[in-house]
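Visitor: File name structure_20.cif; file contents mmCIF, C-alpha atoms; full text below.
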data_entry
#
loop_
_atom_site.label_atom_id
_atom_site.label_comp_id
_atom_site.auth_asym_id
_atom_site.auth_seq_id
_atom_site.Cartn_x
_atom_site.Cartn_y
_atom_site.Cartn_z
CA MET A 1 8.71 -109.87 199.90
CA PRO A 2 11.10 -106.92 199.62
CA ASN A 3 11.94 -105.69 203.10
CA LEU A 4 9.95 -102.45 203.15
CA SER A 5 9.42 -100.13 206.05
CA GLN A 6 6.05 -98.45 206.48
CA GLU A 7 7.66 -95.19 205.46
CA ARG A 8 9.05 -96.70 202.24
CA LEU A 9 5.68 -98.26 201.40
CA LEU A 10 3.99 -94.88 201.80
CA GLU A 11 6.61 -93.30 199.53
CA ILE A 12 5.81 -95.85 196.82
CA ILE A 13 2.07 -95.24 197.17
CA GLU A 14 2.62 -91.48 196.92
CA LYS A 15 4.79 -92.06 193.85
CA ILE A 16 1.99 -94.03 192.17
CA HIS A 17 -0.63 -91.34 192.77
CA ALA A 18 1.64 -88.44 191.84
CA SER A 19 2.82 -90.15 188.65
CA ALA A 20 -0.75 -90.90 187.54
CA LEU A 21 -1.25 -87.19 186.83
CA LEU A 22 1.76 -86.94 184.49
CA ALA A 23 1.68 -87.40 180.72
CA ASP A 24 4.23 -90.24 180.98
CA GLY A 25 3.16 -91.22 184.48
CA TRP A 26 2.98 -94.95 183.86
CA VAL A 27 6.58 -94.96 182.71
CA ALA A 28 7.50 -93.43 186.07
CA ILE A 29 5.38 -96.03 187.88
CA ALA A 30 7.03 -98.83 185.90
CA ASP A 31 10.47 -97.39 186.69
CA CYS A 32 9.60 -97.46 190.38
CA PHE A 33 8.43 -101.08 190.23
CA ASN A 34 11.47 -102.13 188.21
CA GLY A 35 13.66 -100.98 191.06
CA LEU A 36 11.41 -102.44 193.74
CA PHE A 37 11.04 -105.90 192.18
CA HIS A 38 14.32 -106.02 190.22
CA ASN A 39 12.43 -106.37 186.95
CA GLN A 40 13.86 -106.61 183.48
CA TYR A 41 10.90 -104.53 182.38
CA SER A 42 7.36 -103.48 183.34
CA ALA A 43 4.45 -102.47 181.14
CA LEU A 44 0.87 -101.27 181.14
CA LEU A 45 -0.89 -103.17 178.38
CA GLU A 46 -4.25 -104.17 176.99
CA ARG A 47 -5.12 -107.66 175.76
CA ASP A 48 -8.32 -108.64 173.96
CA SER A 49 -10.10 -111.98 173.74
CA GLN A 50 -8.04 -112.89 170.67
CA GLN A 51 -4.86 -112.30 172.71
CA ARG A 52 -3.95 -109.28 170.62
CA THR A 53 -1.85 -106.94 172.72
CA LYS A 54 -1.48 -103.17 172.80
CA ILE A 55 1.28 -101.72 174.97
CA TYR A 56 0.52 -98.27 176.41
CA SER A 57 3.59 -97.70 178.59
CA PHE A 58 6.86 -99.58 178.88
CA SER A 59 9.97 -99.24 181.01
CA GLY A 60 13.01 -101.46 180.95
CA GLU A 61 14.90 -103.41 178.32
CA LEU A 62 13.98 -106.13 175.85
CA ILE A 63 17.28 -107.82 175.07
CA GLY A 64 17.51 -108.75 171.41
CA HIS A 65 13.84 -108.00 170.71
CA SER A 66 11.32 -105.18 170.50
CA ASN A 67 7.75 -104.67 171.64
CA THR A 68 6.74 -104.96 168.00
CA ASP A 69 8.23 -108.47 167.87
CA TYR A 70 6.03 -109.54 170.75
CA THR A 71 2.77 -107.91 169.67
CA SER A 72 3.08 -109.07 166.06
CA ARG A 73 4.56 -112.56 166.49
CA TYR A 74 4.09 -113.94 169.98
CA SER A 75 1.20 -112.29 171.85
CA GLN A 76 -1.45 -114.63 170.40
CA LYS A 77 0.73 -117.65 171.25
CA SER A 78 1.29 -116.66 174.88
CA VAL A 79 0.32 -119.35 177.39
CA THR A 80 0.44 -116.86 180.25
CA GLY A 81 -1.67 -114.39 178.29
CA ARG A 82 -4.46 -116.92 177.92
CA ALA A 83 -4.19 -117.92 181.58
CA CYS A 84 -4.43 -114.32 182.80
CA PHE A 85 -7.24 -113.18 180.55
CA ASN A 86 -10.09 -114.61 182.62
CA LEU A 87 -8.73 -113.56 186.00
CA PRO A 88 -10.76 -110.89 187.81
CA ALA A 89 -9.30 -107.48 188.48
CA GLY A 90 -7.05 -107.53 191.52
CA GLU A 91 -6.08 -111.20 191.38
CA ILE A 92 -2.33 -111.73 191.25
CA PHE A 93 -0.77 -114.07 188.71
CA ILE A 94 2.72 -115.58 188.83
CA ASP A 95 3.93 -117.82 186.02
CA LEU A 96 4.71 -120.60 188.53
CA MET A 97 0.96 -120.74 189.25
CA LEU A 98 0.29 -122.27 185.82
CA PRO A 99 -1.22 -125.76 186.23
CA ASP A 100 1.26 -127.08 183.68
CA HIS A 101 4.30 -124.87 183.97
CA SER A 102 6.20 -127.16 181.63
CA GLU A 103 3.79 -126.20 178.82
CA TYR A 104 4.81 -122.58 179.30
CA ILE A 105 8.52 -123.44 179.21
CA LYS A 106 8.05 -125.38 175.97
CA SER A 107 5.99 -122.66 174.29
CA GLU A 108 7.27 -120.73 171.31
CA ALA A 109 6.83 -117.40 173.10
CA TYR A 110 8.98 -118.60 176.00
CA GLN A 111 11.70 -120.26 173.93
CA ASP A 112 11.99 -117.63 171.18
CA PHE A 113 11.11 -114.44 173.01
CA PHE A 114 11.01 -114.38 176.82
CA ARG A 115 14.02 -116.56 177.54
CA PRO A 116 16.39 -114.81 175.07
CA SER A 117 15.09 -111.47 176.40
CA GLN A 118 15.94 -112.53 179.98
CA ALA A 119 12.29 -112.05 180.90
CA GLU A 120 11.01 -115.58 181.44
CA HIS A 121 9.35 -114.91 184.82
CA LEU A 122 6.01 -113.06 185.06
CA LEU A 123 4.17 -111.21 187.82
CA GLN A 124 0.89 -109.63 186.70
CA VAL A 125 -2.28 -108.03 187.98
CA ASN A 126 -5.35 -107.09 185.95
CA LEU A 127 -6.37 -103.52 186.69
CA ALA A 128 -9.64 -103.33 184.77
CA ARG A 129 -11.92 -105.51 182.66
CA GLY A 130 -14.05 -104.69 179.65
CA THR A 131 -16.46 -106.96 177.82
CA ASP A 132 -13.73 -108.43 175.64
CA ARG A 133 -10.44 -107.03 176.94
CA ILE A 134 -8.36 -106.47 180.04
CA LEU A 135 -5.99 -103.74 181.18
CA SER A 136 -3.02 -105.23 182.99
CA PHE A 137 0.18 -104.21 184.72
CA ILE A 138 2.89 -106.79 184.12
CA MET A 139 6.44 -107.25 185.36
CA ARG A 140 9.05 -109.61 183.96
CA ARG A 141 12.58 -110.62 184.86
CA GLY A 142 15.03 -113.40 184.07
CA GLY A 143 17.83 -115.14 185.90
CA GLY A 144 16.82 -118.79 185.91
CA PRO A 145 14.55 -120.72 188.30
CA ALA A 146 16.08 -119.10 191.39
CA ALA A 147 14.92 -115.67 190.19
CA ALA A 148 11.23 -116.58 189.88
CA TYR A 149 8.74 -114.21 191.49
CA THR A 150 7.73 -115.32 194.96
CA LEU A 151 4.39 -115.44 196.73
CA GLU A 152 5.69 -112.73 199.06
CA GLU A 153 6.23 -110.45 196.07
CA GLY A 154 2.75 -111.33 194.89
CA ARG A 155 1.35 -110.25 198.25
CA LEU A 156 3.18 -106.93 198.00
CA LEU A 157 1.66 -106.35 194.56
CA LYS A 158 -1.73 -107.19 196.07
CA ILE A 159 -1.20 -104.48 198.70
CA LEU A 160 -0.33 -101.96 195.99
CA PHE A 161 -3.15 -103.03 193.65
CA PRO A 162 -5.81 -100.52 194.87
CA HIS A 163 -3.41 -97.67 194.20
CA LEU A 164 -2.43 -99.03 190.78
CA ARG A 165 -6.11 -99.42 189.92
CA GLN A 166 -6.84 -95.84 190.93
CA ALA A 167 -3.86 -94.64 188.89
CA ALA A 168 -5.25 -96.58 185.92
CA GLN A 169 -8.64 -94.91 186.36
CA VAL A 170 -7.00 -91.48 186.42
CA TRP A 171 -5.02 -92.41 183.30
CA GLN A 172 -8.21 -93.54 181.53
CA ARG A 173 -10.03 -90.30 182.36
CA LEU A 174 -7.12 -88.11 181.32
CA ALA A 175 -6.65 -90.07 178.10
CA SER A 176 -10.38 -89.81 177.36
CA ALA A 177 -10.34 -86.06 178.01
CA LYS A 178 -7.32 -85.63 175.75
CA ALA A 179 -8.94 -87.68 172.98
CA LEU A 180 -12.13 -85.63 173.31
CA GLU A 181 -10.16 -82.39 173.17
CA GLU A 182 -8.27 -83.54 170.07
CA GLY A 183 -11.53 -84.62 168.46
CA PHE A 184 -13.13 -81.22 169.04
CA GLN A 185 -10.00 -79.48 167.75
CA ASN A 186 -10.00 -81.60 164.60
CA ALA A 187 -13.69 -80.82 164.10
CA MET A 188 -13.05 -77.08 164.49
CA ASP A 189 -10.13 -77.28 162.07
CA ALA A 190 -12.49 -78.69 159.43
CA PHE A 191 -14.61 -75.51 159.45
CA PRO A 192 -14.00 -73.03 156.60
CA PHE A 193 -14.26 -70.10 159.03
CA GLY A 194 -12.34 -69.06 162.12
CA VAL A 195 -13.45 -70.30 165.54
CA LEU A 196 -12.02 -68.77 168.73
CA LEU A 197 -12.84 -69.62 172.36
CA PHE A 198 -12.25 -67.10 175.15
CA ASP A 199 -12.53 -67.18 178.93
CA ALA A 200 -14.63 -64.77 180.98
CA GLU A 201 -11.78 -62.23 180.92
CA GLY A 202 -11.65 -62.27 177.13
CA ARG A 203 -8.37 -64.21 176.98
CA LEU A 204 -7.94 -66.76 174.23
CA ILE A 205 -8.17 -70.43 175.21
CA SER A 206 -8.22 -72.10 171.81
CA MET A 207 -8.71 -71.40 168.11
CA ASN A 208 -8.83 -73.39 164.90
CA ARG A 209 -6.44 -73.30 161.96
CA VAL A 210 -8.40 -70.77 159.92
CA ALA A 211 -8.41 -68.35 162.86
CA GLU A 212 -4.68 -68.90 163.39
CA LYS A 213 -4.05 -68.05 159.75
CA ILE A 214 -6.16 -64.89 159.91
CA ILE A 215 -4.51 -63.68 163.12
CA ARG A 216 -1.05 -64.48 161.79
CA HIS A 217 -1.59 -62.24 158.74
CA ASN A 218 -2.14 -59.24 161.05
CA ASP A 219 -4.70 -57.71 158.71
CA GLY A 220 -6.93 -55.92 161.20
CA LEU A 221 -6.95 -58.42 164.07
CA VAL A 222 -4.16 -59.44 166.45
CA LEU A 223 -3.74 -61.00 169.89
CA ASP A 224 -1.92 -59.08 172.60
CA LYS A 225 0.51 -60.66 175.07
CA ASP A 226 -2.41 -61.62 177.35
CA GLY A 227 -4.25 -63.41 174.55
CA LYS A 228 -6.90 -60.70 174.15
CA LEU A 229 -8.20 -59.82 170.70
CA GLN A 230 -7.18 -56.40 169.43
CA GLY A 231 -8.19 -54.31 166.42
CA ARG A 232 -5.99 -51.99 164.38
CA THR A 233 -7.39 -48.92 166.15
CA PRO A 234 -8.30 -48.25 169.79
CA GLY A 235 -11.92 -47.80 168.73
CA VAL A 236 -12.12 -51.25 167.15
CA THR A 237 -10.38 -52.81 170.15
CA SER A 238 -12.84 -51.19 172.55
CA ALA A 239 -15.77 -52.39 170.44
CA LEU A 240 -14.38 -55.92 170.45
CA HIS A 241 -13.94 -55.93 174.21
CA ARG A 242 -17.45 -54.53 174.76
CA LEU A 243 -18.88 -57.26 172.55
CA LEU A 244 -17.08 -60.04 174.42
CA ALA A 245 -17.94 -58.53 177.81
CA ARG A 246 -21.62 -58.39 176.86
CA ILE A 247 -21.56 -62.07 175.93
CA THR A 248 -19.83 -63.00 179.21
CA HIS A 249 -22.85 -61.89 181.24
CA MET A 250 -25.34 -63.86 179.17
CA PHE A 251 -25.55 -66.87 181.49
CA ASP A 252 -28.71 -68.51 180.18
CA GLU A 253 -29.05 -67.43 176.56
CA MET A 254 -27.44 -69.70 174.00
CA GLY A 255 -27.15 -69.55 170.22
CA LEU A 256 -26.32 -66.94 167.61
CA SER A 257 -27.85 -63.50 167.25
CA ALA A 258 -27.22 -60.59 164.90
CA ASP A 259 -27.05 -58.36 168.00
CA HIS A 260 -23.76 -60.01 168.88
CA SER A 261 -21.92 -59.31 165.64
CA MET A 262 -19.65 -56.64 164.21
CA MET A 263 -17.52 -55.87 161.18
CA VAL A 264 -13.78 -55.24 161.34
CA LYS A 265 -12.13 -53.26 158.56
CA ARG A 266 -8.77 -54.42 157.22
CA PRO A 267 -5.67 -52.32 156.44
CA SER A 268 -5.14 -54.33 153.25
CA GLY A 269 -8.32 -52.91 151.76
CA LYS A 270 -9.91 -56.34 151.46
CA ARG A 271 -13.52 -56.79 152.48
CA PRO A 272 -14.06 -56.53 156.27
CA PHE A 273 -14.07 -59.51 158.60
CA SER A 274 -17.44 -60.52 160.03
CA LEU A 275 -17.43 -61.45 163.73
CA LEU A 276 -20.27 -63.24 165.49
CA ALA A 277 -19.99 -63.89 169.24
CA PHE A 278 -22.05 -66.29 171.34
CA PRO A 279 -22.09 -67.55 174.95
CA LEU A 280 -20.83 -71.03 175.86
CA GLY A 281 -22.92 -71.79 178.93
CA LYS A 282 -23.11 -70.79 182.56
CA ASN A 283 -20.09 -69.56 184.43
CA LEU A 284 -18.92 -72.24 186.87
CA GLY A 285 -17.31 -69.54 188.97
CA SER A 286 -14.03 -71.35 189.59
CA HIS A 287 -10.74 -69.54 190.03
CA TRP A 288 -8.77 -72.76 189.59
CA PHE A 289 -9.27 -73.49 185.92
CA ARG A 290 -10.02 -71.54 182.76
CA GLN A 291 -13.51 -72.15 181.42
CA PRO A 292 -14.44 -71.34 177.81
CA ARG A 293 -17.18 -68.72 178.15
CA ILE A 294 -17.28 -66.99 174.77
CA GLY A 295 -17.26 -68.38 171.25
CA LEU A 296 -16.38 -66.20 168.29
CA LEU A 297 -16.96 -67.03 164.63
CA LEU A 298 -14.60 -65.16 162.32
CA LEU A 299 -15.53 -65.03 158.64
CA ASP A 300 -13.21 -63.81 155.92
CA PRO A 301 -15.19 -63.09 152.73
CA ASP A 302 -11.95 -63.00 150.74
CA ARG A 303 -10.64 -66.30 152.04
CA SER A 304 -9.05 -68.17 149.16
CA GLY A 305 -10.33 -71.51 148.05
CA GLU A 306 -13.21 -72.89 146.06
CA LEU A 307 -15.77 -75.48 146.88
CA SER A 308 -14.44 -78.89 145.99
CA GLU A 309 -15.48 -80.04 142.53
CA SER A 310 -15.76 -83.63 143.76
CA VAL A 311 -18.17 -82.53 146.51
CA MET A 312 -20.45 -80.79 144.02
CA THR A 313 -20.22 -83.74 141.64
CA ASN A 314 -21.11 -86.32 144.29
CA LEU A 315 -23.84 -84.29 145.98
CA PHE A 316 -25.81 -83.49 142.83
CA GLY A 317 -24.85 -86.25 140.40
CA LEU A 318 -22.94 -83.94 138.07
CA THR A 319 -20.39 -84.63 135.38
CA PRO A 320 -16.82 -83.50 136.17
CA ALA A 321 -17.27 -80.47 133.89
CA GLU A 322 -20.55 -79.52 135.57
CA GLY A 323 -19.02 -79.98 139.01
CA ARG A 324 -16.13 -77.74 138.03
CA LEU A 325 -18.52 -75.04 136.80
CA MET A 326 -20.73 -75.17 139.89
CA SER A 327 -17.84 -75.03 142.34
CA THR A 328 -16.36 -72.08 140.47
CA LEU A 329 -19.67 -70.20 140.29
CA VAL A 330 -20.27 -70.75 144.00
CA SER A 331 -16.89 -69.17 144.74
CA GLY A 332 -18.10 -65.95 143.08
CA VAL A 333 -16.66 -66.21 139.57
CA SER A 334 -18.77 -64.97 136.64
CA LEU A 335 -19.80 -67.09 133.66
CA LYS A 336 -17.54 -65.09 131.35
CA VAL A 337 -14.51 -65.64 133.57
CA CYS A 338 -15.43 -69.33 133.88
CA ALA A 339 -15.39 -69.66 130.09
CA GLU A 340 -11.99 -67.96 129.90
CA ARG A 341 -10.59 -70.07 132.72
CA PHE A 342 -11.85 -73.34 131.22
CA LYS A 343 -10.85 -72.30 127.67
CA VAL A 344 -14.33 -72.94 126.28
CA SER A 345 -16.96 -70.68 124.75
CA GLU A 346 -19.42 -68.76 126.88
CA HIS A 347 -22.17 -70.62 125.01
CA THR A 348 -20.76 -73.91 126.34
CA VAL A 349 -20.81 -72.80 129.96
CA ARG A 350 -24.34 -71.42 129.55
CA THR A 351 -25.45 -74.80 128.23
CA GLN A 352 -23.82 -76.47 131.23
CA LEU A 353 -25.55 -73.95 133.50
CA LYS A 354 -28.97 -74.95 132.13
CA THR A 355 -28.15 -78.59 132.88
CA LEU A 356 -27.11 -77.57 136.39
CA PHE A 357 -30.48 -75.89 136.91
CA GLN A 358 -32.24 -79.12 135.95
CA LYS A 359 -30.08 -81.38 138.14
CA THR A 360 -30.25 -79.11 141.19
CA ASP A 361 -33.90 -78.09 140.80
CA THR A 362 -33.02 -74.39 140.62
CA ASN A 363 -34.02 -71.68 138.15
CA ARG A 364 -31.54 -68.87 138.70
CA GLN A 365 -27.79 -68.61 139.09
CA SER A 366 -28.20 -66.94 142.50
CA ASP A 367 -30.29 -69.90 143.70
CA LEU A 368 -27.64 -72.29 142.42
CA VAL A 369 -24.90 -70.43 144.28
CA ARG A 370 -26.98 -70.32 147.47
CA LEU A 371 -27.61 -74.07 147.22
CA GLY A 372 -23.94 -74.79 146.70
CA LEU A 373 -22.92 -72.69 149.69
CA ALA A 374 -25.53 -74.33 151.92
CA ALA A 375 -24.76 -77.88 150.80
CA GLY A 376 -21.00 -77.73 150.52
CA GLY A 377 -19.92 -74.89 152.75
CA PHE A 378 -17.80 -77.16 154.93
CA PHE A 379 -15.78 -78.58 152.04
CA LEU A 380 -13.66 -75.63 151.01
CA ASP A 381 -10.35 -76.36 149.35
CA GLY A 382 -7.34 -74.24 150.14
#
In structure tokens, what does this structure look like?
Guide:
Amino acid sequence: MPNLSQERLLEIIEKIHASALLADGWVAIADCFNGLFHNQYSALLERDSQQRTKIYSFSGELIGHSNTDYTSRYSQKSVTGRACFNLPAGEIFIDLMLPDHSEYIKSEAYQDFFRPSQAEHLLQVNLARGTDRILSFIMRRGGGPAAAYTLEEGRLLKILFPHLRQAAQVWQRLASAKALEEGFQNAMDAFPFGVLLFDAEGRLISMNRVAEKIIRHNDGLVLDKDGKLQGRTPGVTSALHRLLARITHMFDEMGLSADHSMMVKRPSGKRPFSLLAFPLGKNLGSHWFRQPRIGLLLLDPDRSGELSESVMTNLFGLTPAEGRLMSTLVSGVSLKVCAERFKVSEHTVRTQLKTLFQKTDTNRQSDLVRLGLAAGGFFLDG
């Protein structure tokens, strides 16, 4: 076992816990263990029941090879991988513990990958188990038989295991939170209208792509240096702030209401923006993190883009020509302009319109447009 003082051991434990909170924290942990155990490399990886391997963090050097070489060519042939898979979390594995160590030395993974990479010796601990996969922290080094990991080093890893496991749990939670955040952001970006989230002070926390585009054009709405929404006149700005402040104090009421909306005129002369604010739940009252308290829907009636022809075609069983006509009508274009745009007679588009009525079970053009907006409003192109 490395000759560690109590003070040095505590430093390593503190390093593990501090690194767990960083975006690349497991690289820092692996760096620390590389120095402590004189490893060629260390890695946090996942292995499933088919011995397929996914490497999450890696620190060190693979001489003459890459991680891709291992995961694509050797992971499913690894003798040590199969031996470690069924071990419970917290049990230490050293390659010398294999019942038939000679089988490992003769294996393709050893001969073609680990030995040339100067990483033939393995020290591993499983940090977590799922139904068909494990999360493991592994260390490897080379140097011939004399450089094999010792039982003393295994005992040191056993001492550090609870802290590695806790670091892995923190990593899992942070990764899950990040994936959830990215999923919500992608969902918001799919909306054809702007979505903005503000804290209790009216400062922006997040917005989707449509909102970013609207704000960037500076056509009646901007964000100040504090992230607060501003209008083009002091009166509009005051009205915006009053609206958001009113929503902030609505602790229990959820949902949308016409009482929480306003129009914002635009210097360009285009039709005004429509804003609809709504509360996002009770105030947790913490001063240590920013909580989304206000949601704001921002609709631009002049936003470019037409409903996708393919969406209309698939939803209502239309021909390509009928889908093109419906998507264009829904975007606000008249029959006469449709005929000119498609280079056909107005009689032709009126005939197609009658067919559209039959296929969509509507009787008037206004009903057809309303149906198209309701059914395909989230599939705007442009």
Visitor: Within 8 Å of (10.4, -96.5, 195.6) in the file's own coordinates, which protein, DNA or RNA residues have an atom, counting all atoms listed in the file? List them as a PyMOL selection string.
Guide: chain A and resi 8-9+11-12+15+32-33+35-36
Visitor: Write out as a PyMOL selection string each polymer residue whose atoms come within 8 Å of Ala211 (chain A), counting all atoms listed in the file; drop sequence neighbours fewer than 4 positions from it.
Guide: chain A and resi 193-196+207+215+298
Visitor: On this file, the PyMOL selection byres ((chain A and resi 145) around 12) gives some set of residues; write that set as a PDB file with C-alpha atoms, keeping the file's coordinate frame.
Guide:
ATOM      1  CA  ASP A  95       3.930-117.820 186.020  1.00  0.00           C
ATOM      2  CA  LEU A  96       4.710-120.600 188.530  1.00  0.00           C
ATOM      3  CA  HIS A 101       4.300-124.870 183.970  1.00  0.00           C
ATOM      4  CA  ILE A 105       8.520-123.440 179.210  1.00  0.00           C
ATOM      5  CA  ARG A 115      14.020-116.560 177.540  1.00  0.00           C
ATOM      6  CA  GLN A 118      15.940-112.530 179.980  1.00  0.00           C
ATOM      7  CA  ALA A 119      12.290-112.050 180.900  1.00  0.00           C
ATOM      8  CA  GLU A 120      11.010-115.580 181.440  1.00  0.00           C
ATOM      9  CA  HIS A 121       9.350-114.910 184.820  1.00  0.00           C
ATOM     10  CA  LEU A 122       6.010-113.060 185.060  1.00  0.00           C
ATOM     11  CA  ARG A 141      12.580-110.620 184.860  1.00  0.00           C
ATOM     12  CA  GLY A 142      15.030-113.400 184.070  1.00  0.00           C
ATOM     13  CA  GLY A 143      17.830-115.140 185.900  1.00  0.00           C
ATOM     14  CA  GLY A 144      16.820-118.790 185.910  1.00  0.00           C
ATOM     15  CA  ALA A 146      16.080-119.100 191.390  1.00  0.00           C
ATOM     16  CA  ALA A 147      14.920-115.670 190.190  1.00  0.00           C
ATOM     17  CA  ALA A 148      11.230-116.580 189.880  1.00  0.00           C
ATOM     18  CA  TYR A 149       8.740-114.210 191.490  1.00  0.00           C
ATOM     19  CA  THR A 150       7.730-115.320 194.960  1.00  0.00           C
TER      20      THR A 150
END
Visitor: Return the single residue from A:Arg216, A:Arg232, A:His163, A:Lys106 that is closest to Val264 (chain A), with distances computed using all atoms listed in the file.
Guide: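 Between A:Arg216, A:Arg232, A:His163, A:Lys106, the residue approaching Val264 (chain A) most closely is A:Arg232.
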Visitor: What does the structure give for the distance between CA of Met263 (chain A) and CA of Pro292 (chain A), in Å to one decimal?
Guide: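 Atom-to-atom, CA of Met263 (chain A) and CA of Pro292 (chain A) are spaced 22.9 Å apart.
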Visitor: I want to know what sits within 12 Å of Asp224 (chain A), based on all atoms listed in the file, with residues of the same chain fewer than 6 positions away left out; could you give that as a VMD selection string?
Guide: chain A and resid 202 to 204 215 218 230 to 232 237
Visitor: Using all atoms listed in the file, which of A:Leu335, A:Ala28, A:Arg47, A:Phe58 sits nearest His347 (chain A)?
Guide: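 Closest candidate: A:Leu335.
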Visitor: For a cutoff of 7 Å around the file-coordinate point (15.7, -111.7, 174.5), which residues qualify once you count only C-alpha atoms? I'd like the result as a PyMOL selection string.
Guide: chain A and resi 62-65+113-118
Visitor: For this file, the PyMOL selection byres ((chain A and resi 277) around 12) selects which residues, as a ChimeraX atom specification?
Guide: /A:194-198,202,240-248,250,254-263,274-276,278-280,293-299
Visitor: May I ask for the distance between CA of Gly372 (chain A) and CA of Arg341 (chain A), given in Å to one decimal place?
Guide: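 Value for the CA of Gly372 (chain A)-CA of Arg341 (chain A) distance: 19.9 Å.
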Visitor: To one decimal place in Å, what is the distance between CA of Glu322 (chain A) and CA of Asp300 (chain A)?
Guide: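 CA of Glu322 (chain A) sits 26.7 Å away from CA of Asp300 (chain A).
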Visitor: Quick one: apply the PyMOL selection byres ((chain A and resi 89) around 7) to the file and drop the selected residues here as a ChimeraX atom specification.
Guide: /A:87-88,90-91,126-129
Visitor: Select, from A:Leu368, A:Ile16, A:Val27, A:Leu221, the residue with the minimum atom-to-atom distance to Ser268 (chain A), counting all atoms listed in the file.
Guide: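 That would be A:Leu221, the residue with the smallest distance to Ser268 (chain A).
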Visitor: Considering all atoms listed in the file, return as a PyMOL selection string whatever protein or nucleic-acid residues lie within 9 Å of Arg82 (chain A), sequence-local ones (same chain, fewer than 6 positions apart) excluded.
Guide: chain A and resi 49+51+76
Visitor: Determine the nearest neighbour of Ser136 (chain A) from the options A:Phe191, A:Phe184, A:Tyr70, A:Tyr56, counting only C-alpha atoms.
Guide: A:Tyr56
Visitor: Nearest to Ala187 (chain A) among A:Ser334, A:Asn208, A:Ser66, A:Glu46, with distances taken over all atoms listed in the file: which residue is it?
Guide: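 Nearest to Ala187 (chain A): A:Asn208.
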Visitor: Name the closest residue to His249 (chain A) among the candidates A:Glu201, A:Asp132, A:Glu61, A:Glu181; distances are taken between atoms, counting all atoms listed in the file.
Guide: A:Glu201
Visitor: Would you pick out the contacts of Leu45 (chain A) at 8 Å or less, using only C-alpha atoms, so that residues sharing its chain but fewer than 5 positions from it are not included, and give the list as a list of chain:residue names?
Guide: A:Thr53, A:Lys54, A:Ile55, A:Tyr56, A:Ser57, A:Leu135, A:Ser136, A:Phe137, A:Ile138
Visitor: Which residues come within 12 Å of Leu329 (chain A), counting all atoms listed in the file, excluding same-chain residues fewer than 5 positions away, as a PyMOL selection string?
Guide: chain A and resi 306-309+312+322-324+334-339+341+349-350+352-353+356+365-373
